[in-house]
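Visitor: Here you go, run.csv (CSV, C-alpha atoms):
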```
chain,number,residue,atom,x,y,z
A,709,MET,CA,-25.3,-5.3,19.0
A,710,PHE,CA,-22.0,-6.8,19.9
A,711,GLU,CA,-23.2,-8.6,22.9
A,712,LEU,CA,-20.9,-11.5,22.2
A,713,ASN,CA,-18.3,-12.0,24.9
A,714,LYS,CA,-18.8,-8.5,26.1
A,715,LYS,CA,-16.4,-7.4,28.8
A,716,ASP,CA,-16.7,-4.8,31.5
A,717,ASP,CA,-14.0,-3.0,33.5
A,718,ALA,CA,-14.1,-5.6,36.2
A,719,GLY,CA,-12.8,-8.1,33.7
A,720,ASN,CA,-15.8,-10.4,34.0
A,721,SER,CA,-16.0,-12.4,30.9
A,722,ALA,CA,-16.3,-15.9,29.7
A,723,GLY,CA,-14.8,-18.1,27.1
A,724,ASN,CA,-12.2,-16.9,24.6
A,725,ALA,CA,-12.6,-13.2,25.3
A,726,ALA,CA,-10.8,-13.6,28.6
A,727,THR,CA,-7.6,-14.2,26.9
A,728,THR,CA,-7.7,-10.9,25.2
A,729,THR,CA,-8.3,-8.7,28.2
A,730,SER,CA,-4.9,-7.1,28.6
A,731,GLU,CA,-4.4,-6.5,24.9
A,732,THR,CA,-7.8,-4.9,24.7
A,733,ARG,CA,-7.1,-2.6,27.5
A,734,LYS,CA,-3.8,-1.5,26.0
A,735,ASP,CA,-4.9,-1.1,22.5
A,736,GLN,CA,-8.4,0.1,22.5
A,737,PRO,CA,-10.0,3.3,23.7
A,738,ARG,CA,-13.0,2.7,25.8
A,739,THR,CA,-16.5,3.8,25.1
A,740,GLN,CA,-18.2,6.1,27.6
A,741,SER,CA,-19.6,3.1,29.4
A,742,GLY,CA,-16.2,1.5,29.6
A,743,GLU,CA,-17.2,-1.5,27.5
A,744,ILE,CA,-15.6,-3.1,24.6
A,745,ALA,CA,-17.3,-5.8,22.5
A,746,VAL,CA,-15.2,-8.8,21.7
A,747,ILE,CA,-16.0,-11.4,19.1
A,748,GLY,CA,-14.1,-14.5,20.3
A,749,ARG,CA,-12.0,-16.7,18.2
A,750,SER,CA,-14.6,-19.5,17.9
A,751,ILE,CA,-17.2,-17.1,16.5
A,752,THR,CA,-18.0,-16.9,12.8
A,753,ILE,CA,-20.4,-14.2,11.5
A,754,ASP,CA,-21.7,-14.0,8.0
A,755,GLY,CA,-23.4,-10.6,7.5
A,756,ASP,CA,-23.2,-7.0,8.3
A,757,LEU,CA,-22.0,-5.7,11.7
A,758,ARG,CA,-23.1,-2.2,12.8
A,759,GLY,CA,-22.5,-0.8,16.2
A,760,GLU,CA,-22.0,2.2,18.6
A,761,GLU,CA,-19.2,0.9,20.7
A,762,ASN,CA,-15.6,-0.2,20.2
A,763,LEU,CA,-15.1,-3.7,18.9
A,764,ARG,CA,-12.3,-6.3,18.9
A,765,ILE,CA,-12.5,-9.2,16.5
A,766,GLU,CA,-10.7,-12.5,17.2
A,767,GLY,CA,-13.1,-14.6,15.1
A,768,ASP,CA,-14.1,-14.8,11.5
A,769,ILE,CA,-16.3,-12.1,9.9
A,770,ASN,CA,-17.6,-12.2,6.4
A,771,GLY,CA,-19.7,-9.2,5.3
A,772,THR,CA,-19.3,-5.5,6.3
A,773,ILE,CA,-18.4,-3.8,9.5
A,774,GLN,CA,-19.6,-0.3,10.3
A,775,LEU,CA,-18.5,1.4,13.5
A,776,PRO,CA,-18.2,4.9,12.0
A,777,ASN,CA,-17.8,6.6,15.4
A,778,HIS,CA,-15.8,3.9,17.2
A,779,ASN,CA,-12.7,1.9,17.1
A,780,LEU,CA,-12.1,-1.5,15.5
A,781,THR,CA,-9.3,-3.9,16.4
A,782,ILE,CA,-8.8,-7.0,14.3
A,783,GLY,CA,-6.8,-9.2,16.7
A,784,LYS,CA,-4.1,-11.7,15.8
A,785,GLU,CA,-6.7,-14.5,15.6
A,786,GLY,CA,-9.1,-12.3,13.7
A,787,ARG,CA,-9.9,-13.1,10.0
A,788,VAL,CA,-12.0,-10.6,8.3
A,789,LYS,CA,-13.3,-10.8,4.8
A,790,ALA,CA,-15.2,-7.6,4.8
A,791,ASP,CA,-15.0,-3.9,4.2
A,792,ALA,CA,-14.7,-2.1,7.5
A,793,TYR,CA,-15.6,1.5,8.4
A,794,ALA,CA,-14.5,2.8,11.8
A,795,GLU,CA,-13.1,5.9,13.6
A,796,SER,CA,-9.8,4.0,13.8
A,797,VAL,CA,-8.8,0.6,12.7
A,798,ILE,CA,-5.9,-1.5,14.2
A,799,VAL,CA,-5.0,-4.7,12.4
A,800,ASP,CA,-3.0,-7.6,13.9
A,801,GLY,CA,-4.8,-10.4,12.0
A,802,VAL,CA,-5.8,-11.1,8.4
A,803,VAL,CA,-8.0,-8.8,6.3
A,804,ASP,CA,-9.3,-9.4,2.8
A,805,GLY,CA,-11.3,-6.2,2.2
A,806,ASP,CA,-11.1,-2.4,2.3
A,807,LEU,CA,-10.4,-0.5,5.5
A,808,TYR,CA,-11.8,3.0,6.1
A,809,GLY,CA,-10.6,4.9,9.1
A,810,ALA,CA,-11.8,8.4,9.9
A,811,GLU,CA,-8.7,9.0,12.1
A,812,CYS,CA,-6.2,6.3,11.3
A,813,VAL,CA,-5.5,2.8,10.1
A,814,SER,CA,-2.6,0.9,11.8
A,815,VAL,CA,-1.3,-2.3,10.2
A,816,ARG,CA,0.8,-4.1,12.7
A,817,SER,CA,3.7,-6.5,12.1
A,818,THR,CA,1.6,-9.6,12.3
A,819,ALA,CA,-1.0,-8.4,10.0
A,820,ARG,CA,-1.8,-9.5,6.4
A,821,VAL,CA,-4.0,-7.2,4.5
A,822,GLU,CA,-5.1,-7.5,0.9
A,823,GLY,CA,-7.3,-4.6,0.0
A,824,ASN,CA,-7.3,-0.9,0.0
A,825,ILE,CA,-6.9,1.5,2.9
A,826,VAL,CA,-8.6,4.9,3.1
A,827,ALA,CA,-7.5,7.0,6.0
A,828,SER,CA,-5.8,10.3,6.7
A,829,ARG,CA,-3.1,8.6,8.8
A,830,VAL,CA,-1.8,5.2,7.9
A,831,THR,CA,0.9,3.4,9.7
A,832,LEU,CA,2.5,0.1,8.7
A,833,GLU,CA,4.9,-1.8,10.9
A,834,GLU,CA,7.9,-3.7,9.6
A,835,GLY,CA,6.9,-7.3,8.8
A,836,ALA,CA,3.3,-6.4,8.0
A,837,GLN,CA,2.1,-7.8,4.6
A,838,PHE,CA,0.1,-5.4,2.5
A,839,LYS,CA,-1.1,-5.5,-1.1
A,840,GLY,CA,-3.4,-2.8,-2.5
A,841,SER,CA,-3.7,0.9,-2.4
A,842,ILE,CA,-3.5,3.5,0.4
A,843,ASP,CA,-5.5,6.7,0.0
A,844,MET,CA,-4.3,9.3,2.4
A,845,ASP,CA,-6.2,12.2,0.8
A,846,PRO,CA,-8.2,13.8,3.6
A,847,LYS,CA,-10.9,14.8,1.1
A,848,ASN,CA,-11.4,11.2,0.0
A,849,VAL,CA,-11.5,10.1,3.6
A,850,ASP,CA,-14.2,12.5,4.5
A,851,ALA,CA,-16.2,11.5,1.4
A,852,ALA,CA,-15.9,7.8,2.1
A,853,LEU,CA,-16.7,8.0,5.8
A,854,GLY,CA,-19.2,10.8,5.5
A,855,ASN,CA,-21.5,8.6,3.4
A,856,ILE,CA,-21.3,5.8,6.0
A,857,ARG,CA,-22.0,8.1,8.9
A,858,LYS,CA,-25.0,9.5,7.2
A,859,GLU,CA,-26.4,6.1,6.4
A,860,PHE,CA,-25.6,4.9,9.9
A,861,ALA,CA,-27.3,7.9,11.5
A,862,SER,CA,-30.4,7.5,9.4
A,863,ALA,CA,-30.6,3.8,10.1
A,864,SER,CA,-30.3,4.3,13.8
A,865,GLY,CA,-32.6,7.3,13.9
A,866,LYS,CA,-29.9,9.5,15.4
A,867,PRO,CA,-28.3,12.6,13.8
A,868,SER,CA,-24.9,12.2,12.4
A,869,LEU,CA,-22.2,12.8,15.0
A,870,ASP,CA,-19.9,14.4,12.5
A,871,ALA,CA,-22.1,16.0,10.0
A,872,SER,CA,-19.9,19.0,9.6
A,873,LYS,CA,-17.0,16.9,8.3
A,874,ASN,CA,-19.1,15.3,5.7
A,875,SER,CA,-19.0,18.0,3.1
A,876,ALA,CA,-18.1,15.8,0.3
A,877,ALA,CA,-20.4,13.0,1.2
A,878,GLY,CA,-23.2,13.7,-1.3
A,879,SER,CA,-26.5,12.0,-1.2
A,880,LYS,CA,-25.7,8.6,-2.7
A,881,ALA,CA,-25.8,5.5,-0.7
A,882,PRO,CA,-22.3,4.6,0.4
A,883,HIS,CA,-22.4,1.1,-1.1
A,884,ALA,CA,-23.1,2.6,-4.5
A,885,GLU,CA,-19.7,4.3,-4.5
A,886,ARG,CA,-17.7,1.7,-2.7
A,887,PRO,CA,-14.8,0.0,-4.4
A,888,ASP,CA,-15.7,-3.4,-5.8
A,889,ARG,CA,-14.5,-6.4,-4.0
A,890,ALA,CA,-12.4,-7.9,-6.7
A,891,PRO,CA,-8.8,-8.8,-5.8
A,892,ASN,CA,-7.5,-5.7,-7.7
A,893,ARG,CA,-9.9,-3.3,-6.3
A,894,ASP,CA,-10.6,-0.1,-8.0
A,895,LEU,CA,-9.9,2.4,-5.3
A,896,GLY,CA,-10.1,5.3,-7.7
A,897,LYS,CA,-13.9,4.9,-7.9
A,898,ALA,CA,-14.5,4.8,-4.2
A,899,PRO,CA,-15.3,8.3,-3.0
A,900,LYS,CA,-16.0,11.3,-5.1
A,901,ALA,CA,-12.4,12.0,-5.5
A,902,GLU,CA,-11.2,15.4,-6.5
A,903,SER,CA,-8.7,14.9,-9.2
A,904,ALA,CA,-6.3,17.4,-10.6
A,905,HIS,CA,-6.1,15.7,-13.9
B,153,MET,CA,11.1,-13.3,-22.2
B,154,ARG,CA,12.3,-13.7,-18.7
B,155,PRO,CA,13.5,-11.5,-15.9
B,156,TYR,CA,17.2,-11.1,-15.6
B,157,LEU,CA,18.2,-13.8,-13.1
B,158,SER,CA,21.2,-15.4,-14.7
B,159,ARG,CA,23.9,-16.4,-12.2
B,160,SER,CA,27.4,-15.2,-12.3
B,161,PRO,CA,29.6,-17.7,-14.2
B,162,ARG,CA,32.3,-17.1,-11.6
B,163,GLY,CA,30.5,-17.4,-8.4
B,164,ALA,CA,33.7,-17.4,-6.4
B,165,ALA,CA,33.9,-13.7,-7.0
B,166,THR,CA,31.2,-13.2,-4.5
B,167,ALA,CA,33.4,-14.4,-1.7
B,168,ARG,CA,35.5,-11.3,-2.0
B,169,VAL,CA,32.6,-8.9,-1.8
B,170,GLU,CA,32.0,-7.5,1.6
B,171,ILE,CA,28.6,-6.5,2.8
B,172,ASP,CA,28.7,-2.9,3.8
B,173,ALA,CA,26.5,-1.6,6.4
B,174,PRO,CA,23.4,0.0,4.8
B,175,ALA,CA,24.3,3.5,3.7
B,176,THR,CA,22.0,6.3,2.6
B,177,ILE,CA,22.5,7.6,-0.9
B,178,ASN,CA,21.6,11.0,-2.0
B,179,ALA,CA,19.1,10.8,-4.8
B,180,PRO,CA,18.8,14.4,-6.1
B,181,LEU,CA,16.2,13.6,-8.8
B,182,LEU,CA,14.0,12.0,-6.2
B,183,GLY,CA,14.5,15.2,-4.2
B,184,SER,CA,13.2,17.2,-7.1
B,185,LEU,CA,10.1,15.1,-7.3
B,186,PHE,CA,9.3,15.7,-3.6
B,187,ARG,CA,9.9,19.4,-4.1
B,188,MET,CA,7.3,19.2,-6.8
B,189,LEU,CA,4.9,17.6,-4.3
B,190,GLU,CA,5.7,20.2,-1.8
B,191,GLU,CA,5.1,23.1,-4.2
B,192,GLU,CA,1.7,21.7,-5.2
B,193,GLN,CA,0.3,20.8,-1.8
B,194,ASP,CA,-3.3,21.2,-2.9
B,195,ARG,CA,-3.0,18.8,-5.7
B,196,ARG,CA,-3.9,15.1,-5.5
B,197,TRP,CA,-1.3,12.7,-6.5
B,198,VAL,CA,-1.3,9.0,-7.5
B,199,VAL,CA,1.9,7.3,-6.8
B,200,LEU,CA,2.8,3.7,-7.8
B,201,ASP,CA,5.5,1.9,-5.9
B,202,LEU,CA,6.7,-1.2,-7.7
B,203,GLY,CA,8.2,-2.5,-4.5
B,204,ALA,CA,6.7,-3.8,-1.3
B,205,ALA,CA,4.8,-1.6,1.1
B,206,ARG,CA,7.3,0.1,3.4
B,207,PRO,CA,6.5,2.1,6.5
B,208,GLN,CA,8.9,4.9,5.5
B,209,THR,CA,7.4,5.4,2.1
B,210,ILE,CA,3.9,5.5,3.5
B,211,LYS,CA,5.0,8.0,6.2
B,212,LEU,CA,6.7,10.3,3.7
B,213,LEU,CA,3.8,10.3,1.3
B,214,GLY,CA,1.3,10.8,4.1
B,215,ARG,CA,2.3,14.4,4.1
B,216,TYR,CA,0.6,15.0,0.8
B,217,ARG,CA,-2.8,14.5,-0.7
B,218,CYS,CA,-1.9,11.2,-2.1
B,219,ARG,CA,-2.9,7.7,-3.1
B,220,LEU,CA,-0.1,5.1,-3.0
B,221,ASP,CA,-0.6,2.0,-5.1
B,222,ILE,CA,1.6,-1.0,-4.0
B,223,ALA,CA,2.6,-3.4,-6.7
B,224,ASN,CA,5.1,-5.5,-4.7
B,225,LEU,CA,6.8,-6.9,-7.8
B,226,GLU,CA,9.3,-8.6,-5.5
B,227,GLU,CA,6.8,-11.4,-5.2
B,228,GLY,CA,6.1,-11.5,-8.9
B,229,ILE,CA,9.6,-11.8,-10.5
B,230,GLU,CA,9.6,-15.5,-10.3
B,231,THR,CA,6.1,-15.7,-11.8
B,232,LEU,CA,7.3,-13.5,-14.7
B,233,ALA,CA,10.1,-15.9,-15.3
B,234,THR,CA,7.7,-18.6,-16.4
B,235,ALA,CA,6.0,-16.4,-19.0
B,236,SER,CA,6.6,-17.8,-22.4
B,237,ASP,CA,5.8,-14.9,-24.7
B,238,SER,CA,5.1,-11.2,-24.7
B,239,THR,CA,1.4,-11.7,-24.3
B,240,GLU,CA,1.8,-13.9,-21.3
B,241,THR,CA,4.3,-11.5,-19.8
B,242,THR,CA,1.9,-8.5,-20.3
B,243,ASP,CA,-0.9,-10.5,-18.7
B,244,THR,CA,1.3,-11.4,-15.8
B,245,VAL,CA,2.4,-7.8,-15.3
B,246,GLN,CA,-1.2,-6.6,-15.4
B,247,SER,CA,-2.2,-9.2,-12.8
B,248,LEU,CA,0.6,-8.0,-10.5
B,249,LEU,CA,-0.2,-4.3,-10.8
B,250,PRO,CA,-3.0,-3.0,-8.6
B,251,SER,CA,-6.0,-1.6,-10.4
B,252,CYS,CA,-5.6,2.1,-10.9
B,253,GLY,CA,-9.2,3.0,-11.7
B,254,PRO,CA,-10.0,6.1,-13.6
B,255,GLU,CA,-7.2,8.1,-11.9
B,256,LYS,CA,-4.0,7.9,-13.8
B,257,THR,CA,-0.6,7.5,-12.1
B,258,ASP,CA,1.5,10.6,-11.6
B,259,ILE,CA,4.7,9.1,-10.3
B,260,THR,CA,6.1,5.6,-10.4
B,261,PHE,CA,8.9,4.5,-8.1
B,262,CYS,CA,11.0,1.8,-9.8
B,263,TRP,CA,13.9,1.3,-7.5
B,264,ASP,CA,16.2,-1.4,-8.8
B,265,PHE,CA,13.5,-3.6,-10.5
B,266,LEU,CA,14.4,-2.9,-14.1
B,267,ASN,CA,17.8,-4.6,-13.5
B,268,TYR,CA,16.0,-7.9,-13.0
B,269,PHE,CA,14.1,-8.0,-16.4
B,270,GLU,CA,15.5,-8.9,-19.7
B,271,ARG,CA,14.8,-6.4,-22.5
B,272,ASP,CA,11.5,-7.9,-23.7
B,273,ALA,CA,10.0,-8.3,-20.3
B,274,LEU,CA,11.3,-4.8,-19.3
B,275,THR,CA,9.6,-3.4,-22.4
B,276,SER,CA,6.3,-5.2,-21.5
B,277,LEU,CA,6.5,-4.0,-17.9
B,278,MET,CA,7.1,-0.4,-18.8
B,279,ALA,CA,4.4,-0.4,-21.5
B,280,SER,CA,1.9,-1.4,-18.8
B,281,ILE,CA,3.2,1.4,-16.6
B,282,ALA,CA,2.9,3.8,-19.4
B,283,ALA,CA,-0.7,2.7,-20.1
B,284,ARG,CA,-1.7,3.6,-16.6
B,285,SER,CA,0.2,6.9,-16.4
B,286,ARG,CA,-1.1,10.2,-17.3
B,287,PRO,CA,0.8,12.3,-20.0
B,288,GLY,CA,3.6,14.1,-18.3
B,289,ALA,CA,3.9,11.5,-15.5
B,290,PHE,CA,7.2,10.6,-14.0
B,291,VAL,CA,9.1,7.4,-13.4
B,292,HIS,CA,11.9,7.5,-10.9
B,293,ALA,CA,14.2,4.5,-11.5
B,294,LEU,CA,17.5,3.2,-10.1
B,295,ILE,CA,19.6,1.1,-12.5
B,296,VAL,CA,22.9,-0.7,-11.8
B,297,TYR,CA,25.4,1.1,-13.9
B,298,SER,CA,29.0,1.0,-12.9
B,299,GLU,CA,29.2,-2.3,-10.9
B,300,ASN,CA,29.5,-5.6,-12.6
B,301,LEU,CA,27.6,-7.6,-10.0
B,302,MET,CA,24.3,-7.0,-8.2
B,303,ASN,CA,22.2,-8.8,-5.6
B,304,ASP,CA,20.2,-11.8,-6.6
B,305,GLN,CA,17.0,-10.0,-5.5
B,306,PRO,CA,16.0,-6.4,-6.0
B,307,GLY,CA,17.2,-4.0,-3.2
B,308,LYS,CA,14.8,-2.9,-0.5
B,309,PHE,CA,15.1,0.8,-1.0
B,310,VAL,CA,13.3,3.1,1.5
B,311,PRO,CA,13.2,6.8,1.5
B,312,VAL,CA,14.9,8.3,4.5
B,313,ASP,CA,13.8,11.7,3.6
B,314,GLU,CA,12.7,13.6,0.4
B,315,GLY,CA,16.0,13.2,-1.4
B,316,CYS,CA,17.7,10.3,0.3
B,317,LEU,CA,17.3,6.5,-0.1
B,318,LEU,CA,18.5,3.6,2.1
B,319,ASN,CA,18.9,0.1,0.8
B,320,GLU,CA,17.9,-2.3,3.6
B,321,ALA,CA,18.9,-5.4,1.7
B,322,LYS,CA,21.7,-7.3,3.5
B,323,SER,CA,22.8,-9.8,0.8
B,324,ALA,CA,26.1,-9.4,-1.2
B,325,PRO,CA,26.1,-8.9,-4.9
B,326,SER,CA,26.2,-12.3,-6.6
B,327,ILE,CA,24.8,-12.1,-10.1
B,328,VAL,CA,25.9,-10.3,-13.2
B,329,ALA,CA,24.3,-7.0,-13.7
B,330,PRO,CA,22.9,-6.1,-17.1
B,331,ARG,CA,24.2,-2.6,-16.8
B,332,TYR,CA,21.5,-1.1,-19.1
B,333,SER,CA,22.7,2.0,-20.9
B,334,THR,CA,20.7,5.1,-21.7
B,335,GLU,CA,20.3,3.7,-25.2
B,336,ASP,CA,18.8,0.5,-23.8
B,337,MET,CA,16.4,2.6,-21.8
B,338,ASN,CA,15.4,4.6,-24.8
B,339,LEU,CA,14.7,1.4,-26.7
B,340,CYS,CA,12.9,-0.4,-23.9
B,341,LEU,CA,10.8,2.6,-22.8
B,342,PRO,CA,9.6,4.1,-26.0
B,343,GLU,CA,6.6,5.8,-24.3
B,344,PHE,CA,9.0,7.6,-21.9
B,345,SER,CA,11.8,10.1,-22.5
B,346,ILE,CA,14.7,10.6,-20.2
B,347,GLU,CA,14.2,13.8,-18.3
B,348,ARG,CA,17.3,13.7,-16.3
B,349,ALA,CA,19.9,11.1,-15.2
B,350,ARG,CA,22.6,11.1,-12.5
B,351,LEU,CA,25.3,8.7,-11.4
B,352,LEU,CA,24.9,8.0,-7.7
B,353,SER,CA,27.6,7.3,-5.1
B,354,ASN,CA,26.6,3.6,-5.0
B,355,GLY,CA,27.3,3.1,-8.6
B,356,MET,CA,23.6,3.2,-9.7
B,357,GLN,CA,22.2,5.5,-12.3
B,358,GLU,CA,19.3,7.5,-11.1
B,359,TYR,CA,16.8,8.2,-13.9
B,360,LEU,CA,13.8,10.5,-14.1
B,361,PHE,CA,11.7,9.4,-17.0
B,362,ARG,CA,8.7,11.4,-18.3
B,363,ARG,CA,5.8,10.1,-20.3
```
Would you write the structure of this file as structure tokens?

Guide:
Amino acid sequence: MFELNKKDDAGNSAGNAATTTSETRKDQPRTQSGEIAVIGRSITIDGDLRGEENLRIEGDINGTIQLPNHNLTIGKEGRVKADAYAESVIVDGVVDGDLYGAECVSVRSTARVEGNIVASRVTLEEGAQFKGSIDMDPKNVDAALGNIRKEFASASGKPSLDASKNSAAGSKAPHAERPDRAPNRDLGKAPKAESAH
Amino acid sequence: MRPYLSRSPRGAATARVEIDAPATINAPLLGSLFRMLEEEQDRRWVVLDLGAARPQTIKLLGRYRCRLDIANLEEGIETLATASDSTETTDTVQSLLPSCGPEKTDITFCWDFLNYFERDALTSLMASIAARSRPGAFVHALIVYSENLMNDQPGKFVPVDEGCLLNEAKSAPSIVAPRYSTEDMNLCLPEFSIERARLLSNGMQEYLFRR
């Protein structure tokens, strides 16, 4: 997966990905192999993306994105109409969908996000446009990401990398409990939230 | 049924108004809300901010088990101005508020917005807020009280810390303020009662309403 415009440390790349090299190096932690997948600005993907490496998106994605153990960057040229699950999410571009970050979600000044964010740590820069809800309850984050990690692990035939964190995950398929995709999404239904009321 | 956007009949008055550098204002009732959050760290809270998403608010509430709903009514005030009756106003308000789902709102931040609605629209707005709030929920509001003029757009208030707000808006006061009284508030917010009220150093009244 994510073979499009793949870069290596030597900077060998072709096409649009070459323009994003320096930003990629600055923003994005590397996988163990030192590789970051880049979806270039001329690429449009309709469907579900799943992967085991860091990803930078400069193109158009419609569907879902699952990188439960890696980092996702939606670059300034990126336009994502999808729910995205990742270890951390950085947004410079446009997102219409819900963002789930096990560690953090950063919405930068150039970003436009319409959807909900679920992450223990959320940062929003001045100038960023956001409409939706931000759930910073660690229990809800664990519940939301735990489901995805379990599904991801079973699909890839690997044990979950973070099974110990997923205490609230339950056995339901993650999509069954995901917020709907309507403009005013119902974040309250997303994970099995513990409510005091 | 329109937001309160009428211009000052004597616009020349604005020329004499100097724009002060943004100053922090102590908001003790806001401080009491944050103390409540602090004392009940294990509890999950749902907070509705009628303003835009602001980094400081997110950072401050990130310390707690919290869901923050952003309404961004700043973008919707002009839309509300076109509403012709109470039904349309209510529908517009509902479309502007993010879905709350099964979890009811515990706290609503309503910093300066109520000044920009006429009484009927204000009543419709707060009825919608009440419908999504749990019994006992709080609304923290700032209302222009002692000044005759106010900015033509709601202030951009951000929390500096738990009991301190900063208005980042740079414009000078240019329209007549409605200066709603506590009696007006009681009439327009029948589902809420005034828990406490304080006059702040910037001439605004700080209200803590409780459903």

Visitor: With a distance threshold of 7 Å and counting only C-alpha atoms, extract the residues of chain B near chain A and express them as an MDAnalysis selection string.

Guide: chainID B and resid 195:196 205 207 214 217:222 250:255

Visitor: Compile the contact shell of range 283-298 of chain B as a ChimeraX atom specification: residues with an atom at most 10 Å away, counting all atoms listed in the file, same-chain residues fewer than 4 positions apart removed.

Guide: /A:905 /B:179,181-182,185,198-201,249,251-268,278-279,302,307,309,329-334,337,343-352,354-363

Visitor: Let me make sure I understand: among A:Ala819, A:Ile747, A:Ala852, A:Ala810, which one has the smallest atom-to-atom distance to Val797 in chain A if we use all atoms listed in the file?

Guide: A:Ala810

Visitor: Tell me which protein, DNA and RNA residues are within 12 Å of Leu232 in chain B, counting all atoms listed in the file, leaving out same-chain ones fewer than 5 positions away, and put them as a list of chain:residue names.

Guide: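 Answer for this query is B:Met153, B:Arg154, B:Pro155, B:Tyr156, B:Leu157, B:Leu225, B:Glu226, B:Glu227, B:Asp237, B:Ser238, B:Thr239, B:Glu240, B:Thr241, B:Thr242, B:Asp243, B:Thr244, B:Val245, B:Gln246, B:Ser247, B:Leu248, B:Tyr268, B:Phe269, B:Glu270, B:Asp272, B:Ala273, B:Leu274, B:Ser276, B:Leu277.
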
Visitor: Next, write the just-selected residues to a file, as a PDB file, keeping the file's coordinate frame, keeping C-alpha atoms as the atom set.

Guide:
```
ATOM      1  CA  MET B 153      11.100 -13.300 -22.200  1.00  0.00           C
ATOM      2  CA  ARG B 154      12.300 -13.700 -18.700  1.00  0.00           C
ATOM      3  CA  PRO B 155      13.500 -11.500 -15.900  1.00  0.00           C
ATOM      4  CA  TYR B 156      17.200 -11.100 -15.600  1.00  0.00           C
ATOM      5  CA  LEU B 157      18.200 -13.800 -13.100  1.00  0.00           C
ATOM      6  CA  LEU B 225       6.800  -6.900  -7.800  1.00  0.00           C
ATOM      7  CA  GLU B 226       9.300  -8.600  -5.500  1.00  0.00           C
ATOM      8  CA  GLU B 227       6.800 -11.400  -5.200  1.00  0.00           C
ATOM      9  CA  ASP B 237       5.800 -14.900 -24.700  1.00  0.00           C
ATOM     10  CA  SER B 238       5.100 -11.200 -24.700  1.00  0.00           C
ATOM     11  CA  THR B 239       1.400 -11.700 -24.300  1.00  0.00           C
ATOM     12  CA  GLU B 240       1.800 -13.900 -21.300  1.00  0.00           C
ATOM     13  CA  THR B 241       4.300 -11.500 -19.800  1.00  0.00           C
ATOM     14  CA  THR B 242       1.900  -8.500 -20.300  1.00  0.00           C
ATOM     15  CA  ASP B 243      -0.900 -10.500 -18.700  1.00  0.00           C
ATOM     16  CA  THR B 244       1.300 -11.400 -15.800  1.00  0.00           C
ATOM     17  CA  VAL B 245       2.400  -7.800 -15.300  1.00  0.00           C
ATOM     18  CA  GLN B 246      -1.200  -6.600 -15.400  1.00  0.00           C
ATOM     19  CA  SER B 247      -2.200  -9.200 -12.800  1.00  0.00           C
ATOM     20  CA  LEU B 248       0.600  -8.000 -10.500  1.00  0.00           C
ATOM     21  CA  TYR B 268      16.000  -7.900 -13.000  1.00  0.00           C
ATOM     22  CA  PHE B 269      14.100  -8.000 -16.400  1.00  0.00           C
ATOM     23  CA  GLU B 270      15.500  -8.900 -19.700  1.00  0.00           C
ATOM     24  CA  ASP B 272      11.500  -7.900 -23.700  1.00  0.00           C
ATOM     25  CA  ALA B 273      10.000  -8.300 -20.300  1.00  0.00           C
ATOM     26  CA  LEU B 274      11.300  -4.800 -19.300  1.00  0.00           C
ATOM     27  CA  SER B 276       6.300  -5.200 -21.500  1.00  0.00           C
ATOM     28  CA  LEU B 277       6.500  -4.000 -17.900  1.00  0.00           C
TER      29      LEU B 277
END
```

Visitor: My list of candidates is B:Asn300, B:Glu192, B:Leu341, B:Asn319. Which is closest to Arg271 in chain B when distances are computed with all atoms listed in the file?

Guide: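 Among the listed residues, the smallest separation from Arg271 in chain B belongs to B:Leu341.
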